[in-house]
Every structure is written in structure tokens, then in C-alpha cells.
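Asks: My questions will all concern the structure given below.
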Amino acid sequence: MVDTDLIKDLGAPDGRKAAADALVALGADGVERLVQELTDKDSSVDWRPVADVLERMGNAAFDGLLRGLASASTESSRKRVGFAFSCLGSAAVDGYTAALSHPVPHVRRMAVLGLQRCGDDARSAAPALLRLLGDPDQRVARQAQDALILQGEHMIPLLQRIRERGPGRQRARALTVLAELGGEPALSRADVAAIERLIRVKLPDDRPEGMWACWNHWMAVPSGDQAGIMQTLGLVDPRPVTFALGNDIVDADGHGCGTDDPHNGYERVFVTPELDGWTLILGAWSDPCGEERSEEVLRLCTELSARYGQAHAYYYGGQGDGSAWLIAEQGTVIRRYCETGEGEDELLTLGEPLPYERARRVELGLTPDWDAAQESQDDEDEWRWAAHDMAADLARSYDVSPLHIGPDTPSRGTGVIALTPYGLAHGVPAGAYRI
């Protein structure tokens, strides 16, 4: 029997550690009472210290938590018990594996999550996880999919076998996991052909779809000469894509920038069809302000503008991460401006303020022509805060904002994903994307 005061002491900062140590020492004898506390919606004790005690008990708490999870009657109690159940660690791998066949879907899903948190120690569970790719409960199947992706490339031969031989109910998610782990090289020729055929089927009805990534970079050229623009930029191997697929690839690649991923996000771009007279080149490779790309993008925009009259490049951080813009005309850069909060933004400034910038300053009650050295600190700060979020609206004033296009935007041609010189040299990252 568990002393009720020990449970209550988990909610008292002064007595929490001693109470937790005492409850852990009870082992399996204390599990049932702790699980009851987790499922009690009227409990006055914070559920997190209770879950922490059960986690410290490890495998000794497994059976009690399994029963509690299977019988939990509310979403909140399932969440609390499920959290504790999935955090028991590698000692519970065998128990988690057995629970993958439990009749209650939520138990199966939490067992998958538990194995997911065990990392490499859960490799023995791979065959059972593969079976769950065909689970009738889609949340269970999705959790198994995510867990198998984390297992790594050693899963590729097993997934390829499922694609070749079935079972049929596992094949669709097996393809997704294969794409995430190995990309196109891991897919059979038949699978690649089927994906390309699906894209061709969707393209006739495809309509422009606005981009809204965390980090948005794009160039814009006032022409529908997609092939000539790509030639000027040195882009190769264009492959037709829907807007959903192009945007999804750009968003996924952008999350690889600045991480330990060997791919830097510069390997490919989405070149749109002609949109109301403009072609957009979307992707981190088009960044006008980043240290690695700014000078090259300036050169490319200069060359594009010499050929097509104008060329723009923009950066807009969708999570409040700043803005930048570059406008070139007739082979000359007339403006580059950057406001990302980085210490050397001002070193990128070129040319005179654009009419849109001047108009925005007037709206803010500032002088349209300014000199930062002569402005008050308050005026300078107000302008910088405004400019920090300005790129998308400035681009919209030229009708070149991919964040503001939609199904009614006039469109001609087909968008493509094309390799940049980086992609040609290093290949592209693996991934599964929306079509």
C-alpha cells in the first residue's frame, strides 16, 4: 500500500525529491496508485512529477502503465499516461514490441513512440514496425512511418522488398519512408515512373499556389522565357512539378540551411511557369543577403536584367526573421537593402531608396529621404522595424510576390524543379513531398 502522503508530497517543492525516491524504491508495488493519480482529472498533484517517478521506475512500471493506458477514458488521461508509458527507455523495448499488436490503437501508437525514443536500441522491433505501416488506424500507421524513418538507411532493403512483394496495405507508406531515407536512388524504376505519371496527370489542372515557407527566397524576371532564364542562371535537369510539389521541396530544402545536414539547401530551385508576365525562381539559392550567396545573386540579377530589362531578388522571413530586396535594371543594380537584425546588414546597402520605401517612410511619419547618421535613434528604430517585414509587400507592389499568388493568377507553361551548380556537383537531399 502506498502512503497517500507520499503522493501529495510530489506536489510540494520541499518534499518532492524524498517522496519521489521513496516511491521509486517501492517499485511495482507503487505503480498502480501512481497510474491512478495520472488518470484522476481531479487530482491536486501536478501530473508531471508523477510521470517522472514512473519513468525512473523503468520497466517495473510497464505493465501498470499499459493497463492504465488501455483503460484511460478521456483524452487528457490518455495523454498523461501515454507520455509516461512512452518514456520508460530501452529496458522496455521488448514490452513495447509486444504492445504493437495490442487491440487498442492508442496503445499501439504510444508503443511506437516509446520505441522511437529508444533510438538504435529499438532496431530489433523493425519487422513489427513495418507491419504497422498498414495499420487500419491512420495515426498508428503515421507514427510507425515516422519511427522507421528515424531507424535509418539500414531499413531500405526491407522497404524495397515490401514495394516489390507487398503486403499491399503496407506499400504506400513504405514508398514514403523509402523516399525520406534514400530519395530517388532508393526507388525502383517502376516507382519513379509511377510518380512522374501522377505528376503528368495532375499538371493540366494545376493552378498557382502561394508559397509560405519559414524562410522565403526568390528571384523574379519579367519574362516567360523559362529556358533562357535557366540558361543564364546555369540551371540544369529541369523536371516538371506541380505548385504543391515545388513549394514543398523549397520549404524542406530551406530547413536544411545552417544545419549539420551535408546538403546546404542550395542544390535546387523551383522555377515557376510564367505568372502574370513574370517567372519566379524560388529557393535558398536565390538569397540576396546571405553571406554565401549575396554577391553571386547580385551578379546573376545584373546579367538577367541586361537580358530581360529587370531582375529582382528577395528574402522574407515568415517567422519574423527579416527582409531583403535587390532590384536590377538594364544591367545595373539600382537598389539592395537588407534588414535581418544581423550586425553587418548595412554593408549590403546599395543605391537609393525605392519609391515604395519612400512612401512607407511617409506613412510612418518619417522623412522620405533619410540619412541614418542624422536620424534620431527612435526614427531609425521605427524604420528598421518596418523594413524588417517589408519584403513581401514591396515585392507585391511589383506583382512578384510568391506569397500572394493564387489560383486566379494568370499562368502560362509548367513549373520545374531544376538543379543549381551546387546540386549538379553534390546531388540533392532525400525526401518525400506533396504532389
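Lettering and numbering for the C-alpha cells are positional, with chains as A, B, ... in the shown order, residues counted from 1 in each chain, and ligands counted from 1 in the shown order.
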DSSP on the backbone, then: every residue of region 192-390 of chain A marked alpha helix (DSSP H), written as a count of residues only.

Replies: 67

Asks: Can you list, as a list of chain:residue names, every residue of region 214-305 of chain A that DSSP puts in strand (DSSP E)?

Replies: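 Filtering region 214-305 of chain A to strand (DSSP E) leaves A:Trp215, A:Asn216, A:His217, A:Trp218, A:Met219, A:Ala220, A:Val221, A:Val236, A:Asp237, A:Pro238, A:Arg239, A:Pro240, A:Arg268, A:Val269, A:Phe270, A:Val271, A:Glu274, A:Leu275, A:Thr279, A:Leu280, A:Ile281, A:Leu282.
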
Asks: List the spatial neighbours of Ser286 (chain A) as a list in words - criterion: any atom at most 6 Å away, only C-alpha atoms, same-chain residues fewer than 3 positions off excluded.

Replies: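 Answer for this query is His217, Trp218, Met219 and Gly283 of chain A.
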
Asks: How many Å separate CA of Val271 (chain A) from CA of Gly423 (chain A)?

Replies: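 The value is 14.7 Å.
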
Asks: Tell me, as a VMD selection string, which residues lie within 12 Å of Val241 (chain A), counting only C-alpha atoms; anything in the same chain fewer than 6 positions away does not count.

Replies: chain A and resid 195 to 204 206 to 208 247 to 250 269 to 273 413 to 418 433 to 435

Asks: Could you pull the residues within 9 Å of region 342-351 of chain A, counting only C-alpha atoms, minus those fewer than 4 positions along the same chain, as a PyMOL selection string?

Replies: chain A and resi 289+294+326+333-338

Asks: Extract, using only C-alpha atoms, all DNA, RNA and protein residues at most 8 Å from region 97-111 of chain A, discarding same-chain residues fewer than 5 positions from it, and format them as a list in words.

Replies: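 Answer for this query is Leu66, Leu69, Ala70, Gly82, Phe83, Phe85, Ser86, Ala125, Ala128, Leu129, Leu132, Asp137, Arg139, Val140, Gln143 and Ala144 of chain A.
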
Asks: Between A:Ser77, A:Gln160, A:Ser44, A:Asn264, which has the minimum distance to Thr176 (chain A) (counting only C-alpha atoms)?

Replies: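 With only C-alpha atoms as the atom set, the closest residue is A:Gln160.
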
Asks: Which neighbours of Arg412 (chain A) fall inside 9 Å, counting only C-alpha atoms, when residues of the same chain fewer than 2 positions from it are skipped, and could you give them as a list of chain:residue names?

Replies: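 Contacts, in chain order: A:Gly224, A:Pro273, A:Glu274, A:Leu275, A:Asp276, A:Gly277, A:Pro410, A:Thr414.
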
Asks: For Cys214 (chain A), which of A:Asp369, A:Glu180, A:Asp237, A:Asp253 is the closest residue, counting only C-alpha atoms?

Replies: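 Distance minimum relative to Cys214 (chain A) lands on A:Asp253.
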